[in-house]
$ cat entry-v2.txt   # compact mmCIF, C-alpha atoms
# COMPACT_ATOMS: atom_id res chain seq x y z
CA MET A 1191 118.19 74.06 63.70
CA SER A 1192 116.20 75.40 60.80
CA ILE A 1193 117.74 77.97 58.51
CA PHE A 1194 115.18 80.53 59.66
CA ARG A 1195 116.04 80.10 63.32
CA PHE A 1196 119.70 80.11 62.54
CA ILE A 1197 119.44 83.42 60.70
CA ILE A 1198 117.46 84.84 63.59
CA PHE A 1199 120.24 83.69 65.90
CA LEU A 1200 122.85 85.40 63.73
CA LEU A 1201 120.81 88.59 63.65
CA VAL A 1202 120.49 88.52 67.42
CA LEU A 1203 124.27 88.18 67.71
CA PHE A 1204 124.83 90.93 65.18
CA PHE A 1205 122.50 93.47 66.74
CA ALA A 1206 123.41 92.51 70.28
CA HIS A 1207 127.03 93.26 69.50
CA LEU A 1208 126.25 96.32 67.42
CA LEU A 1209 123.82 97.98 69.76
CA PHE A 1210 124.37 96.64 73.25
CA TYR A 1211 128.10 96.03 73.23
CA GLN A 1212 128.87 98.31 76.16
CA TYR A 1213 126.04 96.84 78.25
CA LEU A 1214 127.36 93.30 77.84
CA SER A 1215 130.69 93.97 79.50
CA VAL A 1216 131.74 92.37 82.76
CA GLY A 1217 134.17 94.82 84.24
CA GLU A 1218 136.57 95.52 81.42
CA VAL A 1219 135.94 92.23 79.68
CA TYR A 1220 133.93 92.61 76.50
CA PRO A 1221 132.47 89.74 74.50
CA ASP A 1222 133.03 89.49 70.76
CA LEU A 1223 129.65 88.36 69.50
CA PHE A 1224 130.66 89.12 65.92
CA LEU A 1225 133.26 86.41 66.27
CA VAL A 1226 130.63 84.03 67.59
CA LEU A 1227 128.54 84.86 64.54
CA VAL A 1228 131.49 84.18 62.25
CA VAL A 1229 132.26 80.85 63.94
CA TYR A 1230 128.65 79.62 63.74
CA SER A 1231 128.34 80.81 60.14
CA ALA A 1232 131.51 78.95 59.25
CA LEU A 1233 130.29 75.82 61.02
CA ARG A 1234 127.02 75.94 59.14
CA TRP A 1235 127.98 77.20 55.71
CA GLY A 1236 131.63 76.36 55.44
CA SER A 1237 134.47 78.59 54.33
CA VAL A 1238 132.34 80.80 52.05
CA GLY A 1239 129.82 81.58 54.76
CA GLY A 1240 132.62 82.02 57.27
CA SER A 1241 134.66 84.36 55.05
CA VAL A 1242 131.70 86.49 54.00
CA SER A 1243 130.31 86.83 57.50
CA GLY A 1244 133.81 87.55 58.78
CA PHE A 1245 134.25 90.19 56.12
CA ILE A 1246 130.95 91.90 56.93
CA CYS A 1247 131.42 91.78 60.68
CA GLY A 1248 135.02 92.92 60.35
CA MET A 1249 133.94 95.79 58.16
CA VAL A 1250 131.35 96.89 60.70
CA GLN A 1251 133.83 96.66 63.56
CA ASP A 1252 136.45 98.53 61.58
CA SER A 1253 134.01 101.29 60.82
CA PHE A 1254 133.97 101.95 64.55
CA SER A 1255 137.68 101.70 65.17
CA PHE A 1256 138.78 104.53 62.84
CA THR A 1257 142.41 103.45 63.21
CA TYR A 1258 143.34 100.27 61.40
CA PHE A 1259 140.57 100.04 58.89
CA GLY A 1260 140.82 96.57 57.41
CA LEU A 1261 142.43 94.80 60.35
CA HIS A 1262 139.21 93.36 61.73
CA VAL A 1263 138.19 92.46 58.20
CA LEU A 1264 141.44 90.58 57.77
CA THR A 1265 141.31 88.68 61.03
CA LYS A 1266 137.63 87.80 60.97
CA THR A 1267 137.70 86.75 57.33
CA PHE A 1268 140.67 84.55 58.09
CA ILE A 1269 138.97 83.01 61.14
CA GLY A 1270 135.76 82.40 59.21
CA PHE A 1271 137.58 80.78 56.33
CA THR A 1272 139.79 78.60 58.57
CA ILE A 1273 136.94 77.29 60.70
CA GLY A 1274 134.83 76.77 57.62
CA LYS A 1275 137.57 74.67 56.08
CA MET A 1276 138.04 72.64 59.24
CA ARG A 1277 134.40 72.17 60.14
CA HIS A 1278 134.30 68.50 59.11
CA SER A 1279 137.28 67.71 61.30
CA PHE A 1280 135.32 67.82 64.55
CA PHE A 1281 131.91 66.98 65.84
CA SER A 1282 130.60 70.49 66.09
CA ASN A 1283 127.13 69.62 67.37
CA LEU A 1284 128.50 69.36 70.90
CA TYR A 1285 128.25 72.58 72.86
CA ILE A 1286 131.62 71.97 74.47
CA VAL A 1287 133.22 71.71 71.04
CA GLN A 1288 131.51 74.89 69.96
CA ALA A 1289 132.76 76.64 73.10
CA ALA A 1290 136.28 75.37 72.49
CA LEU A 1291 136.11 76.55 68.91
CA ILE A 1292 134.94 80.00 69.88
CA PHE A 1293 137.60 80.18 72.58
CA SER A 1294 140.35 79.16 70.15
CA ALA A 1295 139.02 81.46 67.48
CA LYS A 1296 139.09 84.39 69.85
CA ILE A 1297 142.65 83.62 70.90
CA LEU A 1298 143.74 83.31 67.28
CA HIS A 1299 141.79 86.40 66.30
CA ASP A 1300 143.37 88.51 69.00
CA ALA A 1301 146.79 87.06 68.35
CA ILE A 1302 146.59 88.20 64.72
CA PHE A 1303 144.89 91.47 65.55
CA TYR A 1304 147.23 92.56 68.32
CA GLY A 1305 150.20 91.06 66.48
CA VAL A 1306 149.62 93.71 63.83
CA TYR A 1307 148.19 96.38 66.05
CA LEU A 1308 150.94 96.16 68.70
CA PHE A 1309 153.69 95.14 66.31
CA ASN A 1310 156.19 97.56 67.83
CA SER A 1311 155.54 96.66 71.47
CA PRO A 1312 155.81 92.93 72.16
CA GLY A 1313 155.35 93.49 75.92
CA GLY A 1314 152.03 95.15 75.24
CA PHE A 1315 151.02 92.25 73.04
CA TRP A 1316 151.53 89.62 75.74
CA HIS A 1317 149.92 91.80 78.36
CA GLN A 1318 146.94 92.19 76.09
CA ILE A 1319 146.74 88.46 75.41
CA VAL A 1320 147.04 87.42 79.06
CA PHE A 1321 144.92 90.04 80.75
CA HIS A 1322 142.35 90.82 78.11
CA THR A 1323 142.17 88.16 75.45
CA ILE A 1324 141.93 85.10 77.71
CA PRO A 1325 139.15 86.50 79.95
CA ALA A 1326 137.39 87.87 76.88
CA SER A 1327 137.70 84.47 75.16
CA LEU A 1328 136.17 82.68 78.14
CA TYR A 1329 133.37 85.19 78.35
CA THR A 1330 132.76 85.15 74.60
CA CYS A 1331 132.58 81.37 74.32
CA SER A 1332 130.29 81.12 77.37
CA LEU A 1333 127.96 83.82 76.12
CA GLY A 1334 128.01 82.53 72.57
CA VAL A 1335 127.04 78.99 73.51
CA LEU A 1336 124.47 80.21 76.04
CA LEU A 1337 122.83 82.29 73.33
CA TYR A 1338 122.96 79.41 70.89
CA ILE A 1339 121.32 76.83 73.16
CA PRO A 1340 117.81 78.35 73.19
CA PHE A 1341 117.81 78.59 69.41
CA ASN A 1342 118.95 75.00 69.09
CA LEU A 1343 116.24 73.57 71.35
CA LYS A 1344 113.96 71.27 69.45
CA THR A 1345 110.29 72.11 69.51
CA ARG A 1346 108.15 69.07 70.20
CA THR A 1347 104.95 68.54 68.30
CA LYS A 1348 102.12 66.49 69.70
CA ARG A 1349 101.45 63.24 67.90
CA TRP A 1350 98.07 61.67 68.28
CA MET B 1396 139.63 79.56 28.41
CA SER B 1397 137.05 77.14 29.67
CA LYS B 1398 139.76 75.44 31.72
CA PHE B 1399 140.46 78.76 33.36
CA PHE B 1400 136.82 79.23 34.34
CA LEU B 1401 136.64 75.65 35.48
CA PHE B 1402 139.65 76.29 37.68
CA LEU B 1403 138.01 79.40 39.11
CA TRP B 1404 134.82 77.50 39.80
CA GLU B 1405 136.67 74.67 41.50
CA HIS B 1406 138.57 77.07 43.72
CA LYS B 1407 135.85 79.60 44.21
CA GLN B 1408 136.03 79.37 48.00
CA SER B 1409 139.72 80.04 48.14
CA LEU B 1410 139.41 82.77 45.54
CA LEU B 1411 136.68 84.48 47.46
CA PHE B 1412 138.78 84.29 50.58
CA LEU B 1413 141.78 85.70 48.72
CA LEU B 1414 139.66 88.49 47.33
CA LEU B 1415 138.41 89.43 50.75
CA ILE B 1416 141.87 89.24 52.26
CA LEU B 1417 143.23 91.37 49.45
CA PHE B 1418 140.54 93.91 50.10
CA SER B 1419 141.41 94.02 53.77
CA LEU B 1420 145.10 94.37 52.98
CA PHE B 1421 144.28 97.09 50.49
CA ALA B 1422 142.24 98.88 53.15
CA LEU B 1423 145.09 98.52 55.61
CA SER B 1424 147.56 99.93 53.12
CA LEU B 1425 145.49 103.05 52.54
CA PRO B 1426 146.70 106.33 54.00
CA SER B 1427 145.23 106.95 57.41
CA ARG B 1428 143.10 109.82 56.16
CA GLN B 1429 141.42 107.65 53.53
CA ARG B 1430 140.97 104.81 56.02
CA PHE B 1431 139.31 107.21 58.37
CA TYR B 1432 137.09 108.50 55.58
CA MET B 1433 136.02 104.97 54.57
CA ALA B 1434 135.31 103.98 58.14
CA ARG B 1435 133.26 107.12 58.70
CA ARG B 1436 131.37 106.57 55.45
CA ILE B 1437 130.43 102.99 56.32
CA ASN B 1438 129.56 103.98 59.83
CA ARG B 1439 127.27 106.76 58.70
CA THR B 1440 125.52 105.02 55.85
CA VAL B 1441 125.15 101.51 57.23
CA LEU B 1442 125.20 101.66 61.00
CA THR B 1443 123.87 105.02 62.02
CA PRO B 1444 120.26 104.19 61.06
CA PHE B 1445 120.30 101.16 63.39
CA GLN B 1446 121.88 103.17 66.15
CA MET B 1447 119.31 105.89 65.65
CA VAL B 1448 116.52 103.35 65.91
CA VAL B 1449 117.98 102.03 69.15
CA ALA B 1450 118.59 105.53 70.46
CA GLN B 1451 115.02 106.50 69.58
CA THR B 1452 113.72 103.32 71.20
CA GLY B 1453 115.67 104.15 74.35
CA TYR B 1454 114.36 107.68 74.15
CA PHE B 1455 110.77 106.48 73.83
CA ILE B 1456 111.20 104.03 76.69
CA ARG B 1457 112.58 106.83 78.85
CA LEU B 1458 109.79 109.08 77.64
CA LYS B 1459 107.20 106.46 78.49
CA LYS B 1460 108.64 106.00 81.97
CA GLU B 1461 108.80 109.73 82.43
CA ASN B 1462 105.23 110.02 81.21
CA GLU B 1463 104.10 107.37 83.68
CA THR B 1464 105.92 109.15 86.49
CA LEU B 1465 104.42 112.47 85.46
CA ARG B 1466 100.96 110.95 85.30
CA LYS B 1467 101.40 109.49 88.76
CA ASN B 1468 102.63 112.85 90.04
CA ASP B 1469 99.76 114.57 88.29
CA PHE B 1470 97.32 112.22 89.95
CA LEU B 1471 98.92 112.75 93.35
CA LEU B 1472 98.95 116.50 92.85
CA SER B 1473 95.32 116.42 91.76
CA LEU B 1474 94.49 114.54 94.93
CA GLU B 1475 96.49 117.02 96.94
CA LEU B 1476 94.77 119.89 95.20
CA TYR B 1477 91.41 118.31 95.86
CA GLN B 1478 92.34 117.91 99.52
CA LEU B 1479 93.50 121.50 99.64
CA GLU B 1480 90.25 122.66 98.12
CA GLU B 1481 88.38 120.61 100.67
CA VAL B 1482 90.48 122.15 103.43
CA LYS B 1483 89.83 125.57 101.96
CA LYS B 1484 86.09 124.95 101.94
CA GLN B 1485 86.25 123.55 105.44
CA ASN B 1486 88.25 126.56 106.51
CA GLN B 1487 85.66 128.88 105.03
CA ARG B 1488 82.89 126.97 106.77
CA LEU B 1489 84.74 127.04 110.08
CA GLU B 1490 85.51 130.73 109.69
CA LYS B 1491 81.84 131.32 109.11
CA LEU B 1492 80.98 129.25 112.13
CA LEU B 1493 83.60 130.97 114.26
CA ASP B 1494 82.22 134.30 113.21
CA PHE B 1495 78.79 133.00 114.13
CA VAL B 1496 80.06 131.91 117.55
CA SER B 1497 81.90 135.14 118.20
CA ARG B 1498 78.71 137.09 117.61
CA THR B 1499 76.77 135.34 120.36
CA PRO B 1500 77.25 135.21 124.10
CA ILE B 1501 75.47 131.86 124.26
CA HIS B 1502 77.62 128.84 124.82
CA PHE B 1503 77.75 126.54 121.82
CA ILE B 1504 79.41 123.20 121.45
CA ALA B 1505 80.89 122.78 118.01
CA CYS B 1506 80.46 119.23 116.70
CA ARG B 1507 81.38 117.33 113.62
CA VAL B 1508 78.81 115.15 111.90
CA ILE B 1509 80.26 111.67 111.78
CA SER B 1510 77.46 109.79 110.07
CA GLY B 1511 73.96 109.95 108.69
CA GLY B 1512 72.17 112.87 107.20
CA LEU B 1513 72.01 112.22 103.50
CA GLY B 1514 69.25 114.72 102.95
CA GLU B 1515 65.79 113.20 102.78
CA ARG B 1516 67.02 109.66 103.06
CA SER B 1517 68.03 110.01 106.69
CA ASN B 1518 66.39 111.64 109.65
CA VAL B 1519 69.26 111.60 112.12
CA PHE B 1520 72.82 112.74 112.43
CA ILE B 1521 75.46 111.23 114.65
CA ILE B 1522 77.75 113.90 116.05
CA ASP B 1523 81.16 113.48 117.64
CA LYS B 1524 80.38 115.03 121.03
CA GLY B 1525 78.40 113.50 123.83
CA SER B 1526 77.54 113.68 127.47
CA SER B 1527 81.18 114.01 128.46
CA HIS B 1528 81.16 117.32 126.56
CA GLY B 1529 78.02 118.55 128.30
CA ILE B 1530 75.45 117.47 125.75
CA VAL B 1531 72.16 116.08 127.02
CA ALA B 1532 68.97 115.12 125.22
CA ASN B 1533 66.66 117.81 123.80
CA LEU B 1534 69.20 120.47 123.02
CA PRO B 1535 68.82 122.54 119.88
CA VAL B 1536 71.22 121.79 117.07
CA LEU B 1537 71.96 124.66 114.69
CA VAL B 1538 74.10 125.89 111.89
CA PRO B 1539 74.51 129.52 110.89
CA GLU B 1540 71.77 129.14 108.29
CA GLY B 1541 69.21 127.96 110.84
CA LEU B 1542 67.69 125.00 112.59
CA VAL B 1543 68.99 121.48 112.08
CA GLY B 1544 67.20 119.52 114.80
CA LYS B 1545 67.64 118.48 118.39
CA THR B 1546 69.61 115.95 120.34
CA ILE B 1547 67.64 112.86 121.32
CA GLU B 1548 70.23 110.47 122.69
CA THR B 1549 73.69 110.89 124.12
CA ASP B 1550 76.61 108.63 124.83
CA PRO B 1551 79.73 109.89 126.53
CA PHE B 1552 81.41 110.62 123.21
CA ARG B 1553 78.64 110.92 120.65
CA SER B 1554 75.08 112.05 120.30
CA VAL B 1555 72.16 111.40 118.02
CA VAL B 1556 70.50 114.40 116.47
CA GLN B 1557 66.89 114.20 115.36
CA LEU B 1558 66.71 116.26 112.17
CA TYR B 1559 63.83 118.50 111.19
CA THR B 1560 62.98 115.94 108.52
CA HIS B 1561 62.17 113.31 111.16
CA PRO B 1562 58.42 112.51 111.30
CA ALA B 1563 58.43 113.03 115.06
CA PHE B 1564 60.16 116.38 114.94
CA ARG B 1565 58.11 119.43 115.86
CA VAL B 1566 59.06 122.99 116.63
CA SER B 1567 56.93 125.91 117.69
CA ALA B 1568 57.38 128.49 114.95
CA LYS B 1569 56.09 131.80 113.65
CA PRO B 1570 56.76 134.26 110.87
CA SER B 1571 59.74 136.34 111.82
CA GLN B 1572 57.92 139.70 111.70
CA LYS B 1573 54.54 138.51 112.97
CA GLU B 1574 53.21 137.07 116.19
CA GLU B 1575 51.21 134.12 114.89
CA ARG B 1576 52.42 130.85 116.28
CA ALA B 1577 52.09 127.49 114.63
CA ILE B 1578 53.88 124.15 114.59
CA ALA B 1579 56.57 123.33 112.05
CA GLY B 1580 57.48 119.76 111.23
CA SER B 1581 57.67 117.04 108.67
CA GLY B 1582 54.44 116.36 106.84
CA PRO B 1583 53.07 114.36 103.94
CA GLU B 1584 55.48 113.32 101.18
CA LYS B 1585 58.38 114.19 103.50
CA GLN B 1586 57.77 117.88 102.98
CA PHE B 1587 58.42 120.44 105.68
CA TYR B 1588 55.25 122.25 106.80
CA LEU B 1589 53.95 124.88 109.13
CA PHE B 1590 50.78 123.38 110.60
CA ASP B 1591 47.88 124.80 112.56
CA ILE B 1592 47.69 128.11 110.81
CA PRO B 1593 44.31 129.82 111.35
CA LEU B 1594 42.16 130.56 108.30
CA ARG B 1595 42.45 134.27 108.85
CA THR B 1596 46.16 134.25 108.84
CA GLN B 1597 48.80 136.86 108.25
CA VAL B 1598 51.22 134.27 106.95
CA GLU B 1599 52.17 134.88 103.34
CA VAL B 1600 54.25 133.14 100.76
CA GLY B 1601 57.87 134.22 101.13
CA ASP B 1602 57.68 134.75 104.89
CA LEU B 1603 60.66 133.61 106.89
CA ILE B 1604 59.55 131.24 109.59
CA VAL B 1605 61.56 131.19 112.80
CA SER B 1606 61.27 129.33 116.08
CA SER B 1607 58.88 131.05 118.46
CA GLY B 1608 60.66 130.12 121.66
CA MET B 1609 57.53 128.58 123.13
CA GLY B 1610 58.28 124.89 122.88
CA GLY B 1611 60.77 124.81 125.71
CA ILE B 1612 63.59 123.45 123.61
CA PHE B 1613 64.30 125.92 120.83
CA PRO B 1614 65.03 129.52 121.62
CA LYS B 1615 63.23 132.28 119.77
CA GLY B 1616 64.36 133.45 116.40
CA ILE B 1617 66.09 130.44 114.84
CA PRO B 1618 65.32 130.34 111.08
CA VAL B 1619 63.28 127.28 110.22
CA GLY B 1620 62.30 127.87 106.61
CA THR B 1621 60.57 130.06 104.08
CA VAL B 1622 56.91 129.75 103.09
CA THR B 1623 56.54 128.59 99.52
CA GLU B 1624 52.86 127.62 99.40
CA ILE B 1625 49.77 127.85 101.63
CA GLU B 1626 47.06 125.23 101.49
CA LYS B 1627 44.09 123.93 103.50
CA GLU B 1628 44.60 121.05 105.86
CA GLU B 1629 42.31 118.44 104.35
CA GLU B 1630 41.23 116.63 107.46
CA ILE B 1631 39.79 119.51 109.36
CA GLY B 1632 39.27 122.22 106.82
CA ILE B 1633 39.36 125.11 109.29
CA LYS B 1634 43.09 125.33 109.46
CA LEU B 1635 45.74 126.03 106.87
CA ARG B 1636 49.19 124.65 106.46
CA ALA B 1637 52.15 126.23 104.73
CA LYS B 1638 54.74 124.36 102.78
CA LEU B 1639 58.22 125.47 103.83
CA LYS B 1640 61.52 125.50 102.11
CA PRO B 1641 63.88 124.52 104.94
CA ALA B 1642 66.46 127.09 105.96
CA VAL B 1643 69.15 124.46 106.12
CA ASP B 1644 70.15 122.10 103.33
CA LEU B 1645 71.11 119.03 105.30
CA ASP B 1646 73.18 117.62 102.46
CA LYS B 1647 75.70 120.39 102.98
CA VAL B 1648 75.96 120.14 106.75
CA SER B 1649 79.18 118.71 108.14
CA GLU B 1650 79.62 120.72 111.33
CA VAL B 1651 76.90 121.75 113.71
CA PHE B 1652 76.52 123.65 116.95
CA VAL B 1653 74.68 122.37 119.95
CA LEU B 1654 73.31 125.02 122.26
CA SER B 1655 74.79 123.73 125.44
CA ASP B 1656 72.98 122.71 128.54
CA SER B 1657 74.20 125.53 130.74
CA ALA B 1658 72.82 128.17 128.41
CA PHE B 1659 69.29 126.79 128.44
CA THR B 1660 68.65 124.72 131.48
CA SER B 1661 69.74 127.40 133.89
CA PRO B 1662 67.51 127.75 136.97
CA GLU B 1663 66.46 131.23 135.94
CA ALA B 1664 63.65 131.07 133.44
CA SER B 1665 64.61 134.47 132.16
CA LEU B 1666 67.87 133.14 130.87
CA LEU B 1667 66.08 131.25 128.14
CA TYR B 1668 64.36 134.41 127.12
CA GLU B 1669 67.65 136.33 127.09
CA ALA B 1670 69.23 133.62 125.08
CA SER B 1671 66.34 133.70 122.68
CA ASP B 1672 66.70 137.41 122.24
CA SER B 1673 70.37 136.98 121.64
CA LEU B 1674 69.68 134.45 118.96
CA THR B 1675 67.06 136.63 117.34
CA SER B 1676 69.50 139.50 117.17
CA LEU B 1677 72.09 137.15 115.87
CA TRP B 1678 70.10 136.17 112.78
CA LYS B 1679 68.92 139.70 112.22
CA LYS B 1680 72.49 140.71 111.48
CA PRO B 1681 73.29 140.81 107.78

$ encode --input "entry-v2.txt" --output "structure tokens"
Amino acid sequence: MSIFRFIIFLLVLFFAHLLFYQYLSVGEVYPDLFLVLVVYSALRWGSVGGSVSGFICGMVQDSFSFTYFGLHVLTKTFIGFTIGKMRHSFFSNLYIVQAALIFSAKILHDAIFYGVYLFNSPGGFWHQIVFHTIPASLYTCSLGVLLYIPFNLKTRTKRW
Amino acid sequence: MSKFFLFLWEHKQSLLFLLLILFSLFALSLPSRQRFYMARRINRTVLTPFQMVVAQTGYFIRLKKENETLRKNDFLLSLELYQLEEVKKQNQRLEKLLDFVSRTPIHFIACRVISGGLGERSNVFIIDKGSSHGIVANLPVLVPEGLVGKTIETDPFRSVVQLYTHPAFRVSAKPSQKEERAIAGSGPEKQFYLFDIPLRTQVEVGDLIVSSGMGGIFPKGIPVGTVTEIEKEEEIGIKLRAKLKPAVDLDKVSEVFVLSDSAFTSPEASLLYEASDSLTSLWKKP
């Protein structure tokens, strides 16, 4: 995928999450397209791209939360950096690998996030992980890969 | 010193990560009031413009849909209004006709014109009543303004009306206030004329010409037209002819009255005369 198309893809993820977040829900399951953005940025640009995109997306998300300002920044920066560091360890061109990465990233993200957020109520943490994080992870990885596929399609040029 | 910078450059990724993590930890360690303030600040300065754009886009989309709906409604209402105006006009016409009917003891059959009759381009009307309604051939067809023509053919449910513009149409006519009979009918260049006027005539421009009641079809006193010009008949030279402005504008006719059979073909010859008088009095009313 060209850099131009990839940036377009990231912008689509960013604005889709920013502006149409509530319309993308399935019941009470919400996708985390910012996380998808962070994962793909990390896969493409390594730990720097992952950390910076995680920082920006986390900052934007935190600006909406009004409670733990900095928590999304922390988790997403961490996720971006980690995946960026590990990107050469797996064959990330496969969609299934990308989906697995997004799924794992979401689980890890929520584990850190709710670990801090629900520090005083361990029961609430597990409930959140089982009933919200896992469905949200499945939905996020499906949606993320589905959005990525059209951008990754190769355009054929006629050769005479 | 250079070793220090070299170290930084070699570990720039980790340093950047540490910097960002430190920032997030710093943000987390801020008092809740300051965290709230920072979040609100970022939200307002960075994100609100995008949200406003989206909100405005949504607003314009809604506005466009609403506009389309309103335009459709406007169109439908315009059509409805047009129909209402048509109904109003029809109502006025029918009221006029009803008033006309109520003023005469003669039996009329009210008919609707269902085809034909585009002014000079057509010489017949098809009306929606026929022999099953008592209409036979050669009955006068009128509107409140005057003479339209006569029936020439009838089916059970429709009739053909020969209009005064038809080349074969003729009616015995005279000026309304004078006893000088002539024949009215279509003439050269599809104009309506009063033929066979003697040279020493009393007919003048502006005279109202009415049916004379002598032809056997049309009762006396039905307005036929108004004299607009008097000229010599070229062929003979001893007679005059008068150009008439027809009393009825056929373009505007959509309902007509047929003087029914029973009123005119009654065994008593006097009945026709009575009917004629009734008609004369009818048109004399203001």

$ interface_residues --input "entry-v2.txt" --of "chain B" --to "chain A" --cutoff "7 Å" --atoms "all atoms listed in the file" --output "short mmCIF file (atom, residue, chain, number, x, y, z; two decimals) with C-alpha atoms, in the coordinates of the input"
data_model
loop_
_atom_site.label_atom_id
_atom_site.label_comp_id
_atom_site.auth_asym_id
_atom_site.auth_seq_id
_atom_site.Cartn_x
_atom_site.Cartn_y
_atom_site.Cartn_z
CA GLN B 1408 136.03 79.37 48.00
CA PHE B 1412 138.78 84.29 50.58
CA LEU B 1415 138.41 89.43 50.75
CA ILE B 1416 141.87 89.24 52.26
CA SER B 1419 141.41 94.02 53.77
CA LEU B 1420 145.10 94.37 52.98
CA ALA B 1422 142.24 98.88 53.15
CA LEU B 1423 145.09 98.52 55.61
CA ARG B 1430 140.97 104.81 56.02
CA PHE B 1431 139.31 107.21 58.37
CA ALA B 1434 135.31 103.98 58.14
CA ARG B 1435 133.26 107.12 58.70
CA ILE B 1437 130.43 102.99 56.32
CA ASN B 1438 129.56 103.98 59.83
CA GLN B 1446 121.88 103.17 66.15
#

$ atom_distance --input "entry-v2.txt" --atom1 "atom CA of A:Val1287" --atom2 "atom CA of A:Val1335"
9.9 Å

$ residues_around --input "entry-v2.txt" --residues "stretch 1639-1646 of chain B" --least-positions-apart "6" --cutoff "10 Å" --atoms "all atoms listed in the file" --output "PDB file with C-alpha atoms, keeping the file's coordinate frame"
ATOM      1  CA  GLY B1511      73.960 109.950 108.690  1.00  0.00           C
ATOM      2  CA  GLY B1512      72.170 112.870 107.200  1.00  0.00           C
ATOM      3  CA  LEU B1513      72.010 112.220 103.500  1.00  0.00           C
ATOM      4  CA  GLY B1514      69.250 114.720 102.950  1.00  0.00           C
ATOM      5  CA  GLU B1515      65.790 113.200 102.780  1.00  0.00           C
ATOM      6  CA  SER B1517      68.030 110.010 106.690  1.00  0.00           C
ATOM      7  CA  ASN B1518      66.390 111.640 109.650  1.00  0.00           C
ATOM      8  CA  PHE B1520      72.820 112.740 112.430  1.00  0.00           C
ATOM      9  CA  LEU B1537      71.960 124.660 114.690  1.00  0.00           C
ATOM     10  CA  VAL B1538      74.100 125.890 111.890  1.00  0.00           C
ATOM     11  CA  PRO B1539      74.510 129.520 110.890  1.00  0.00           C
ATOM     12  CA  GLU B1540      71.770 129.140 108.290  1.00  0.00           C
ATOM     13  CA  GLY B1541      69.210 127.960 110.840  1.00  0.00           C
ATOM     14  CA  LEU B1542      67.690 125.000 112.590  1.00  0.00           C
ATOM     15  CA  VAL B1543      68.990 121.480 112.080  1.00  0.00           C
ATOM     16  CA  LEU B1558      66.710 116.260 112.170  1.00  0.00           C
ATOM     17  CA  TYR B1559      63.830 118.500 111.190  1.00  0.00           C
ATOM     18  CA  THR B1560      62.980 115.940 108.520  1.00  0.00           C
ATOM     19  CA  ALA B1579      56.570 123.330 112.050  1.00  0.00           C
ATOM     20  CA  GLY B1580      57.480 119.760 111.230  1.00  0.00           C
ATOM     21  CA  SER B1581      57.670 117.040 108.670  1.00  0.00           C
ATOM     22  CA  GLN B1586      57.770 117.880 102.980  1.00  0.00           C
ATOM     23  CA  PHE B1587      58.420 120.440 105.680  1.00  0.00           C
ATOM     24  CA  TYR B1588      55.250 122.250 106.800  1.00  0.00           C
ATOM     25  CA  LEU B1589      53.950 124.880 109.130  1.00  0.00           C
ATOM     26  CA  VAL B1600      54.250 133.140 100.760  1.00  0.00           C
ATOM     27  CA  GLY B1601      57.870 134.220 101.130  1.00  0.00           C
ATOM     28  CA  ASP B1602      57.680 134.750 104.890  1.00  0.00           C
ATOM     29  CA  LEU B1603      60.660 133.610 106.890  1.00  0.00           C
ATOM     30  CA  ILE B1604      59.550 131.240 109.590  1.00  0.00           C
ATOM     31  CA  VAL B1605      61.560 131.190 112.800  1.00  0.00           C
ATOM     32  CA  ILE B1617      66.090 130.440 114.840  1.00  0.00           C
ATOM     33  CA  PRO B1618      65.320 130.340 111.080  1.00  0.00           C
ATOM     34  CA  VAL B1619      63.280 127.280 110.220  1.00  0.00           C
ATOM     35  CA  GLY B1620      62.300 127.870 106.610  1.00  0.00           C
ATOM     36  CA  THR B1621      60.570 130.060 104.080  1.00  0.00           C
ATOM     37  CA  VAL B1622      56.910 129.750 103.090  1.00  0.00           C
ATOM     38  CA  THR B1623      56.540 128.590  99.520  1.00  0.00           C
ATOM     39  CA  GLU B1624      52.860 127.620  99.400  1.00  0.00           C
ATOM     40  CA  ILE B1625      49.770 127.850 101.630  1.00  0.00           C
TER      41      ILE B1625
END

$ residues_around --input "entry-v2.txt" --residues "A:Arg1234" --least-positions-apart "6" --cutoff "12 Å" --atoms "only C-alpha atoms" --output "number ranges by chain"
A: 1191-1193, 1196-1197, 1200, 1227-1228, 1240, 1243, 1270-1271, 1273-1278, 1282-1283, 1288

$ write_last_selection --input "entry-v2.txt" --atoms "C-alpha atoms" --output "compact mmCIF listing (two decimals), in the frame of the given file"
# COMPACT_ATOMS: atom_id res chain seq x y z
CA MET A 1191 118.19 74.06 63.70
CA SER A 1192 116.20 75.40 60.80
CA ILE A 1193 117.74 77.97 58.51
CA PHE A 1196 119.70 80.11 62.54
CA ILE A 1197 119.44 83.42 60.70
CA LEU A 1200 122.85 85.40 63.73
CA LEU A 1227 128.54 84.86 64.54
CA VAL A 1228 131.49 84.18 62.25
CA GLY A 1240 132.62 82.02 57.27
CA SER A 1243 130.31 86.83 57.50
CA GLY A 1270 135.76 82.40 59.21
CA PHE A 1271 137.58 80.78 56.33
CA ILE A 1273 136.94 77.29 60.70
CA GLY A 1274 134.83 76.77 57.62
CA LYS A 1275 137.57 74.67 56.08
CA MET A 1276 138.04 72.64 59.24
CA ARG A 1277 134.40 72.17 60.14
CA HIS A 1278 134.30 68.50 59.11
CA SER A 1282 130.60 70.49 66.09
CA ASN A 1283 127.13 69.62 67.37
CA GLN A 1288 131.51 74.89 69.96

$ residues_around --input "entry-v2.txt" --residues "A:Leu1336" --least-positions-apart "4" --cutoff "12 Å" --atoms "all atoms listed in the file" --output "list in words"
Phe1199, Leu1203, Leu1223, Val1226, Tyr1285, Ile1286, Gln1288, Ala1289, Tyr1329, Thr1330, Cys1331, Ser1332, Pro1340, Phe1341, Asn1342 and Leu1343 of chain A
